[in-house]
Amino acid sequence: MNSSPTYESAVAAVRQPRPNVGAKPDYRELIRLGSLAASSHNTQPWKFAVSGGSIRIIPDFSRRCPVVDPKDAHLFKSLGCAAENIVHAAAAQGLRAEVDFDDEERAVVVRLIPDPTCGETALARAIPSRQCTKARYDGSALDREDLATLDRAGTGEGVRVILLTDDDHKRAVTEFVNRGNKDQLSDPAWRDELFSWIRSNDRESLETGDGLSGRTSGQPSVPTWLARLLLPVLVRPKSQMKTDAASIRSSAGVAVFVAKDDDAAAWVDAGRCYERFALQATALGVSNAFINQPIEVPAVRPEFERWLGLKDEHAQLMIRFGTGPQMPFSVRRPLDDVIVSTEPNS
Ligand SMILES: Cc1cc2nc3c(=O)[nH]c(=O)nc-3n(C[C@H](O)[C@H](O)[C@H](O)COP(=O)(O)O)c2cc1C
């Protein structure tokens with residue numbers, strides 16, 4: 001019998017719901033659900049430490065992306081995404097979570113307090129099936145009630161979400177995204193960094209447990225040697241611009257997460273708001289995928305923020321959303337690789 005995992009079995013194993021049978025908090029289970037969060041290039045730039053009834057989410061700077069993310073803003077947003085998953089997973093275990101940013105350690109601290117009023121919610125149930133759906137959507141609009149629910153989910157302390165649903169706005173966003181694409185895809189350093197996180201076949205995905213699997217965006221699996229030859233030819237500004245224009249046109253709308261501040265604590269809060277929006281969207285059957293180019297490219301961001309009418313706020317993340325197909329899920333690293341310390345019995 002061949003016991004090596006396949007892509008499907010590896011993805012299913014990490015997403016399998018595990019009921020909490022004991023009376024004690026199951027910190028390992030909370031970390032598993034935290035690590036199912038979105039992260040930039042699926043770098044999973046986190047380590048988790050359990051102590052004194054808290055889970056600390058520590059940045060793993062060995063997984064940074066210095067070209068696309070020189071200030072580590074996306075890295076801290078990714079930590080915020082993981083924290084938000086833990087908040088909802090904890091409620092399902094009867095734990096209220098309080099989230100703080102520890103400036104000295106630059107870590108996110110999730111304090112967990114037993115609270116009999118907490119329980120499982122639709123957002124907690126959505127954690128294993130949330131994904132960034134990198135495909136065309138069906139072009140249908142969302143009703144007003146769902147838009148209002150998503151708006152509430154994406155709003156937090158110092159963070160609000162701007163929803164753009166009319167065609168003129170979507171066209172203008174496409175222009176900004178494509179200016180970003182042109183800049184990024186013409187930069188050899190940016191391309192090298194992106195290619196280093198692309199996993200072209202199942203073996204690469206299973207070996208690393210991270211990165212951008214072609215499967216998640218509907219690309220065929222190709223041998224590593226062939227991918228090295230094909231990627232530089234196929235990933236070009238023109239083809240990406242065409243794909244992104246069609247993807248945005250197929251979406252019900254675009255959401256921009258904006259924050260009052262532009263520092264590590266604000267990045268964590270923006271990540272939390274995005275992840276909460278994404279969990280709520282999943283619960284409503286709504287798909288989403290990032291289109292961050294105008295925020296990532298310094299030459300485009302100020303003009304994009306002016307177009308949004310921002311004065312004392314900063315654009316942090318942008319996504320498109322709508323009704324789309326479910327795509328293959330992305331892989332995760334083994335839990336033992338991301339847990340750095342646990343309390344006895346946890
Ligand atoms: C801060 C942040 C920035 C991201 N930026 C992009 C992006 O610019 N383009 C993109 O296609 N996906 C982007 N992603 C999505 C990741 O690629 C995705 O979360 C990761 O591959 C894991 O897949 P999953 O979210 O489906 O589990 C971003 C995610 C985060 C948290």
# chains A, B, ... in the order shown; residues from 1 in each chain; ligands from 1
>>> residues_around(residues="A:Ile58", least_positions_apart="4", cutoff="12 Å", atoms="only C-alpha atoms", output="ChimeraX atom specification")
/A:44-50,62-63,75-76,78-80,82-83,101-110,268,338-341
>>> closest_atom_pairs(of="chain A", to="ligand 1", cutoff="8 Å", atoms="only C-alpha atoms and all ligand atoms", output="JSON lines")
{"residue": "A:Leu36", "atom": "CA", "partner": "ligand 1", "partner_atom_place_in_ligand_line": "27 (O)", "distance": 6.2}
{"residue": "A:Ala37", "atom": "CA", "partner": "ligand 1", "partner_atom_place_in_ligand_line": "27 (O)", "distance": 6.0}
{"residue": "A:Ala38", "atom": "CA", "partner": "ligand 1", "partner_atom_place_in_ligand_line": "19 (O)", "distance": 3.4}
{"residue": "A:Ser39", "atom": "CA", "partner": "ligand 1", "partner_atom_place_in_ligand_line": "31 (C)", "distance": 3.5}
{"residue": "A:Ser40", "atom": "CA", "partner": "ligand 1", "partner_atom_place_in_ligand_line": "29 (C)", "distance": 3.8}
{"residue": "A:His41", "atom": "CA", "partner": "ligand 1", "partner_atom_place_in_ligand_line": "17 (O)", "distance": 4.3}
{"residue": "A:Asn42", "atom": "CA", "partner": "ligand 1", "partner_atom_place_in_ligand_line": "20 (C)", "distance": 3.8}
{"residue": "A:Thr43", "atom": "CA", "partner": "ligand 1", "partner_atom_place_in_ligand_line": "20 (C)", "distance": 7.5}
{"residue": "A:Ala73", "atom": "CA", "partner": "ligand 1", "partner_atom_place_in_ligand_line": "1 (C)", "distance": 7.5}
{"residue": "A:His74", "atom": "CA", "partner": "ligand 1", "partner_atom_place_in_ligand_line": "1 (C)", "distance": 4.0}
{"residue": "A:Leu75", "atom": "CA", "partner": "ligand 1", "partner_atom_place_in_ligand_line": "1 (C)", "distance": 6.3}
{"residue": "A:Phe76", "atom": "CA", "partner": "ligand 1", "partner_atom_place_in_ligand_line": "1 (C)", "distance": 7.5}
{"residue": "A:Lys77", "atom": "CA", "partner": "ligand 1", "partner_atom_place_in_ligand_line": "1 (C)", "distance": 4.9}
{"residue": "A:Ser78", "atom": "CA", "partner": "ligand 1", "partner_atom_place_in_ligand_line": "31 (C)", "distance": 4.3}
{"residue": "A:Cys81", "atom": "CA", "partner": "ligand 1", "partner_atom_place_in_ligand_line": "31 (C)", "distance": 6.4}
{"residue": "A:Arg130", "atom": "CA", "partner": "ligand 1", "partner_atom_place_in_ligand_line": "26 (O)", "distance": 6.8}
{"residue": "A:Gln131", "atom": "CA", "partner": "ligand 1", "partner_atom_place_in_ligand_line": "26 (O)", "distance": 3.5}
{"residue": "A:Cys132", "atom": "CA", "partner": "ligand 1", "partner_atom_place_in_ligand_line": "26 (O)", "distance": 3.8}
{"residue": "A:Thr133", "atom": "CA", "partner": "ligand 1", "partner_atom_place_in_ligand_line": "26 (O)", "distance": 6.5}
{"residue": "A:Lys134", "atom": "CA", "partner": "ligand 1", "partner_atom_place_in_ligand_line": "11 (O)", "distance": 6.6}
{"residue": "A:Gly211", "atom": "CA", "partner": "ligand 1", "partner_atom_place_in_ligand_line": "21 (O)", "distance": 6.4}
{"residue": "A:Leu212", "atom": "CA", "partner": "ligand 1", "partner_atom_place_in_ligand_line": "21 (O)", "distance": 5.3}
{"residue": "A:Ser213", "atom": "CA", "partner": "ligand 1", "partner_atom_place_in_ligand_line": "21 (O)", "distance": 7.8}
{"residue": "A:Thr216", "atom": "CA", "partner": "ligand 1", "partner_atom_place_in_ligand_line": "26 (O)", "distance": 7.3}
{"residue": "A:Gly271", "atom": "CA", "partner": "ligand 1", "partner_atom_place_in_ligand_line": "1 (C)", "distance": 6.6}
{"residue": "A:Ala289", "atom": "CA", "partner": "ligand 1", "partner_atom_place_in_ligand_line": "11 (O)", "distance": 6.2}
{"residue": "A:Phe290", "atom": "CA", "partner": "ligand 1", "partner_atom_place_in_ligand_line": "10 (C)", "distance": 4.7}
{"residue": "A:Ile291", "atom": "CA", "partner": "ligand 1", "partner_atom_place_in_ligand_line": "8 (O)", "distance": 5.3}
{"residue": "A:Asn292", "atom": "CA", "partner": "ligand 1", "partner_atom_place_in_ligand_line": "8 (O)", "distance": 4.4}
{"residue": "A:Gln293", "atom": "CA", "partner": "ligand 1", "partner_atom_place_in_ligand_line": "8 (O)", "distance": 6.1}
{"residue": "A:Glu296", "atom": "CA", "partner": "ligand 1", "partner_atom_place_in_ligand_line": "8 (O)", "distance": 7.9}
{"residue": "A:Leu317", "atom": "CA", "partner": "ligand 1", "partner_atom_place_in_ligand_line": "1 (C)", "distance": 7.0}
{"residue": "A:Phe329", "atom": "CA", "partner": "ligand 1", "partner_atom_place_in_ligand_line": "26 (O)", "distance": 5.9}
{"residue": "A:Ser330", "atom": "CA", "partner": "ligand 1", "partner_atom_place_in_ligand_line": "23 (O)", "distance": 5.1}
{"residue": "A:Val331", "atom": "CA", "partner": "ligand 1", "partner_atom_place_in_ligand_line": "27 (O)", "distance": 7.5}
>>> write_last_selection(atoms="C-alpha atoms", output="compact mmCIF listing (two decimals), in the first residue's frame")
# COMPACT_ATOMS: atom_id res chain seq x y z
CA LEU A 36 -5.34 28.18 7.79
CA ALA A 37 -5.46 31.98 7.41
CA ALA A 38 -4.42 33.87 4.28
CA SER A 39 -0.78 34.97 4.00
CA SER A 40 1.11 36.92 1.37
CA HIS A 41 2.46 34.43 -1.29
CA ASN A 42 1.37 31.69 1.19
CA THR A 43 4.64 32.32 3.04
CA ALA A 73 3.51 45.41 5.98
CA HIS A 74 2.02 42.32 4.28
CA LEU A 75 3.89 40.12 6.75
CA PHE A 76 2.16 41.80 9.71
CA LYS A 77 -1.21 41.79 7.89
CA SER A 78 -0.74 38.01 7.53
CA CYS A 81 -5.26 37.16 9.50
CA ARG A 130 -12.13 30.05 3.34
CA GLN A 131 -9.84 30.46 0.38
CA CYS A 132 -8.59 33.15 -1.98
CA THR A 133 -10.44 32.14 -5.13
CA LYS A 134 -8.10 33.01 -8.00
CA GLY A 211 3.93 28.85 -1.59
CA LEU A 212 1.67 29.40 -4.56
CA SER A 213 0.52 26.13 -6.04
CA THR A 216 -5.10 27.06 -6.77
CA GLY A 271 -5.26 41.87 8.30
CA ALA A 289 -9.19 37.31 -4.23
CA PHE A 290 -6.54 40.00 -3.72
CA ILE A 291 -5.66 42.71 -6.26
CA ASN A 292 -3.10 44.63 -4.19
CA GLN A 293 -0.88 45.98 -6.99
CA GLU A 296 2.24 47.58 -3.30
CA LEU A 317 -5.41 45.80 1.12
CA PHE A 329 -7.16 24.69 -1.46
CA SER A 330 -3.59 25.78 -0.70
CA VAL A 331 -1.20 23.70 1.43
>>> closest_residue(among="A:Val173, A:Ala122, A:Asp26, A:Lys71", to="A:Ala90", atoms="only C-alpha atoms")
A:Asp26
>>> closest_residue(among="A:Val99, A:Ala124, A:Ala245, A:Ile57", to="A:Asp269", atoms="only C-alpha atoms")
A:Val99
>>> closest_residue(among="A:Arg64, A:Pro298, A:Gly253, A:Asn85", to="A:Trp197", atoms="only C-alpha atoms")
A:Arg64
>>> atom_distance(atom1="atom CA of A:Gly119", atom2="atom CA of A:Gln280")
16.3 Å
>>> residues_around(residues="A:Ala153", least_positions_apart="4", cutoff="7 Å", atoms="only C-alpha atoms", output="PyMOL selection string")
chain A and resi 149+273+276-277+280
>>> residues_around(residues="A:Gln184", least_positions_apart="5", cutoff="8 Å", atoms="only C-alpha atoms", output="PyMOL selection string")
chain A and resi 190-191+297
>>> write_last_selection(atoms="N, CA, C and O atoms", output="PDB file, in the first residue's frame")
ATOM      1  N   TRP A 190      11.520  41.626  -8.652  1.00  0.00           N
ATOM      2  CA  TRP A 190      10.144  41.284  -8.247  1.00  0.00           C
ATOM      3  C   TRP A 190       9.756  39.929  -8.840  1.00  0.00           C
ATOM      4  O   TRP A 190       9.182  39.073  -8.171  1.00  0.00           O
ATOM      5  N   ARG A 191      10.116  39.700 -10.110  1.00  0.00           N
ATOM      6  CA  ARG A 191       9.781  38.436 -10.780  1.00  0.00           C
ATOM      7  C   ARG A 191      10.495  37.266 -10.090  1.00  0.00           C
ATOM      8  O   ARG A 191       9.887  36.238  -9.828  1.00  0.00           O
ATOM      9  N   VAL A 297       2.836  49.106  -5.114  1.00  0.00           N
ATOM     10  CA  VAL A 297       3.806  49.841  -5.945  1.00  0.00           C
ATOM     11  C   VAL A 297       3.867  51.302  -5.478  1.00  0.00           C
ATOM     12  O   VAL A 297       2.889  52.046  -5.605  1.00  0.00           O
TER      13      VAL A 297
END
>>> residues_around(residues="A:Thr208", least_positions_apart="2", cutoff="10 Å", atoms="only C-alpha atoms", output="ChimeraX atom specification")
/A:197,199,203-206,210-211,331-334
>>> write_last_selection(atoms="all heavy atoms", output="mmCIF file, in the first residue's frame")
data_model
loop_
_atom_site.group_PDB
_atom_site.id
_atom_site.type_symbol
_atom_site.label_atom_id
_atom_site.label_comp_id
_atom_site.auth_asym_id
_atom_site.auth_seq_id
_atom_site.Cartn_x
_atom_site.Cartn_y
_atom_site.Cartn_z
ATOM 1 N N TRP A 197 8.419 31.627 -4.940
ATOM 2 C CA TRP A 197 7.304 31.130 -4.114
ATOM 3 C C TRP A 197 6.298 30.325 -4.945
ATOM 4 O O TRP A 197 5.297 29.853 -4.404
ATOM 5 C CB TRP A 197 6.601 32.296 -3.399
ATOM 6 C CG TRP A 197 7.442 32.846 -2.289
ATOM 7 C CD1 TRP A 197 8.205 33.967 -2.318
ATOM 8 C CD2 TRP A 197 7.641 32.264 -0.991
ATOM 9 N NE1 TRP A 197 8.873 34.133 -1.130
ATOM 10 C CE2 TRP A 197 8.538 33.103 -0.296
ATOM 11 C CE3 TRP A 197 7.162 31.113 -0.351
ATOM 12 C CZ2 TRP A 197 8.963 32.829 1.008
ATOM 13 C CZ3 TRP A 197 7.582 30.841 0.945
ATOM 14 C CH2 TRP A 197 8.469 31.690 1.612
ATOM 15 N N ARG A 199 4.963 27.107 -6.713
ATOM 16 C CA ARG A 199 5.158 25.649 -6.648
ATOM 17 C C ARG A 199 4.467 25.068 -7.880
ATOM 18 O O ARG A 199 3.235 25.109 -7.973
ATOM 19 C CB ARG A 199 4.539 25.075 -5.362
ATOM 20 C CG ARG A 199 4.979 25.799 -4.081
ATOM 21 C CD ARG A 199 6.441 25.535 -3.720
ATOM 22 N NE ARG A 199 6.860 26.341 -2.571
ATOM 23 C CZ ARG A 199 7.767 27.313 -2.634
ATOM 24 N NH1 ARG A 199 8.346 27.630 -3.777
ATOM 25 N NH2 ARG A 199 8.101 27.980 -1.535
ATOM 26 N N ARG A 203 4.654 17.735 -6.026
ATOM 27 C CA ARG A 203 5.824 17.351 -5.219
ATOM 28 C C ARG A 203 6.418 18.584 -4.525
ATOM 29 O O ARG A 203 6.707 18.562 -3.326
ATOM 30 C CB ARG A 203 6.885 16.664 -6.101
ATOM 31 C CG ARG A 203 7.972 15.960 -5.296
ATOM 32 C CD ARG A 203 8.970 15.235 -6.197
ATOM 33 N NE ARG A 203 9.495 16.082 -7.270
ATOM 34 C CZ ARG A 203 10.450 16.993 -7.126
ATOM 35 N NH1 ARG A 203 10.996 17.178 -5.948
ATOM 36 N NH2 ARG A 203 10.855 17.729 -8.146
ATOM 37 N N GLU A 204 6.527 19.699 -5.270
ATOM 38 C CA GLU A 204 7.072 20.938 -4.675
ATOM 39 C C GLU A 204 6.165 21.430 -3.544
ATOM 40 O O GLU A 204 6.640 21.854 -2.496
ATOM 41 C CB GLU A 204 7.185 22.047 -5.738
ATOM 42 C CG GLU A 204 8.283 21.823 -6.744
ATOM 43 C CD GLU A 204 8.398 22.984 -7.742
ATOM 44 O OE1 GLU A 204 7.808 24.057 -7.517
ATOM 45 O OE2 GLU A 204 9.081 22.798 -8.764
ATOM 46 N N SER A 205 4.841 21.390 -3.768
ATOM 47 C CA SER A 205 3.912 21.865 -2.730
ATOM 48 C C SER A 205 4.000 21.011 -1.480
ATOM 49 O O SER A 205 4.018 21.522 -0.354
ATOM 50 C CB SER A 205 2.459 21.824 -3.235
ATOM 51 O OG SER A 205 2.277 22.782 -4.236
ATOM 52 N N LEU A 206 4.072 19.679 -1.678
ATOM 53 C CA LEU A 206 4.080 18.772 -0.521
ATOM 54 C C LEU A 206 5.408 18.851 0.224
ATOM 55 O O LEU A 206 5.448 18.741 1.449
ATOM 56 C CB LEU A 206 3.789 17.333 -0.965
ATOM 57 C CG LEU A 206 2.373 17.120 -1.510
ATOM 58 C CD1 LEU A 206 2.220 15.730 -2.110
ATOM 59 C CD2 LEU A 206 1.326 17.336 -0.431
ATOM 60 N N ASP A 210 4.229 25.147 1.546
ATOM 61 C CA ASP A 210 3.933 26.590 1.465
ATOM 62 C C ASP A 210 3.896 27.017 0.000
ATOM 63 O O ASP A 210 3.943 26.178 -0.914
ATOM 64 C CB ASP A 210 4.985 27.398 2.257
ATOM 65 C CG ASP A 210 6.395 27.252 1.683
ATOM 66 O OD1 ASP A 210 6.539 26.803 0.525
ATOM 67 O OD2 ASP A 210 7.364 27.598 2.381
ATOM 68 N N GLY A 211 3.807 28.303 -0.240
ATOM 69 C CA GLY A 211 3.933 28.848 -1.590
ATOM 70 C C GLY A 211 2.668 28.763 -2.422
ATOM 71 O O GLY A 211 1.618 28.303 -1.969
ATOM 72 N N VAL A 331 -1.794 24.571 0.397
ATOM 73 C CA VAL A 331 -1.201 23.696 1.428
ATOM 74 C C VAL A 331 -0.752 24.515 2.648
ATOM 75 O O VAL A 331 -0.665 25.738 2.583
ATOM 76 C CB VAL A 331 0.013 22.919 0.863
ATOM 77 C CG1 VAL A 331 -0.420 21.889 -0.158
ATOM 78 C CG2 VAL A 331 1.056 23.875 0.278
ATOM 79 N N ARG A 332 -0.478 23.820 3.730
ATOM 80 C CA ARG A 332 0.098 24.439 4.928
ATOM 81 C C ARG A 332 1.270 23.597 5.421
ATOM 82 O O ARG A 332 1.328 22.404 5.178
ATOM 83 C CB ARG A 332 -0.954 24.531 6.061
ATOM 84 C CG ARG A 332 -2.076 25.525 5.779
ATOM 85 C CD ARG A 332 -1.567 26.946 5.671
ATOM 86 N NE ARG A 332 -2.629 27.931 5.448
ATOM 87 C CZ ARG A 332 -3.137 28.250 4.254
ATOM 88 N NH1 ARG A 332 -2.719 27.660 3.168
ATOM 89 N NH2 ARG A 332 -4.084 29.177 4.152
ATOM 90 N N ARG A 333 2.181 24.279 6.172
ATOM 91 C CA ARG A 333 3.308 23.555 6.769
ATOM 92 C C ARG A 333 2.816 22.721 7.958
ATOM 93 O O ARG A 333 1.788 23.055 8.556
ATOM 94 C CB ARG A 333 4.361 24.562 7.237
ATOM 95 C CG ARG A 333 5.119 25.148 6.056
ATOM 96 C CD ARG A 333 6.227 26.029 6.517
ATOM 97 N NE ARG A 333 5.704 27.185 7.211
ATOM 98 C CZ ARG A 333 6.344 27.822 8.182
ATOM 99 N NH1 ARG A 333 7.509 27.389 8.610
ATOM 100 N NH2 ARG A 333 5.816 28.893 8.726
ATOM 101 N N PRO A 334 3.565 21.658 8.330
ATOM 102 C CA PRO A 334 3.146 20.870 9.497
ATOM 103 C C PRO A 334 3.098 21.756 10.737
ATOM 104 O O PRO A 334 3.936 22.652 10.903
ATOM 105 C CB PRO A 334 4.253 19.816 9.637
ATOM 106 C CG PRO A 334 4.975 19.804 8.330
ATOM 107 C CD PRO A 334 4.810 21.168 7.722
#
>>> residues_around(residues="A:Ser129", least_positions_apart="2", cutoff="9 Å", atoms="only C-alpha atoms", output="PyMOL selection string")
chain A and resi 15+125-127+131+279+282+329
>>> write_last_selection(atoms="N, CA, C and O atoms", output="PDB file, in the first residue's frame")
ATOM      1  N   ARG A  15      -7.384  20.415   6.986  1.00  0.00           N
ATOM      2  CA  ARG A  15      -8.661  21.141   7.089  1.00  0.00           C
ATOM      3  C   ARG A  15      -9.749  20.342   7.782  1.00  0.00           C
ATOM      4  O   ARG A  15     -10.857  20.829   7.978  1.00  0.00           O
ATOM      5  N   ARG A 125     -17.188  28.356  11.727  1.00  0.00           N
ATOM      6  CA  ARG A 125     -17.417  27.203  10.834  1.00  0.00           C
ATOM      7  C   ARG A 125     -16.805  27.427   9.451  1.00  0.00           C
ATOM      8  O   ARG A 125     -16.468  26.486   8.745  1.00  0.00           O
ATOM      9  N   ALA A 126     -16.652  28.699   9.063  1.00  0.00           N
ATOM     10  CA  ALA A 126     -16.148  29.014   7.712  1.00  0.00           C
ATOM     11  C   ALA A 126     -14.620  28.876   7.600  1.00  0.00           C
ATOM     12  O   ALA A 126     -14.089  28.864   6.485  1.00  0.00           O
ATOM     13  N   ILE A 127     -13.907  28.775   8.745  1.00  0.00           N
ATOM     14  CA  ILE A 127     -12.426  28.829   8.692  1.00  0.00           C
ATOM     15  C   ILE A 127     -11.822  27.790   7.733  1.00  0.00           C
ATOM     16  O   ILE A 127     -11.021  28.149   6.865  1.00  0.00           O
ATOM     17  N   GLN A 131     -10.977  30.510   1.301  1.00  0.00           N
ATOM     18  CA  GLN A 131      -9.837  30.462   0.377  1.00  0.00           C
ATOM     19  C   GLN A 131      -9.801  31.765  -0.413  1.00  0.00           C
ATOM     20  O   GLN A 131     -10.817  32.454  -0.510  1.00  0.00           O
ATOM     21  N   LEU A 279     -14.091  35.520   6.076  1.00  0.00           N
ATOM     22  CA  LEU A 279     -14.856  34.459   6.749  1.00  0.00           C
ATOM     23  C   LEU A 279     -16.351  34.706   6.572  1.00  0.00           C
ATOM     24  O   LEU A 279     -17.125  33.780   6.299  1.00  0.00           O
ATOM     25  N   THR A 282     -17.264  33.848   3.054  1.00  0.00           N
ATOM     26  CA  THR A 282     -17.350  32.387   2.894  1.00  0.00           C
ATOM     27  C   THR A 282     -18.687  31.889   3.445  1.00  0.00           C
ATOM     28  O   THR A 282     -19.362  31.070   2.817  1.00  0.00           O
ATOM     29  N   PHE A 329      -7.686  23.920  -2.590  1.00  0.00           N
ATOM     30  CA  PHE A 329      -7.160  24.693  -1.456  1.00  0.00           C
ATOM     31  C   PHE A 329      -5.631  24.698  -1.475  1.00  0.00           C
ATOM     32  O   PHE A 329      -5.005  23.828  -2.086  1.00  0.00           O
TER      33      PHE A 329
END
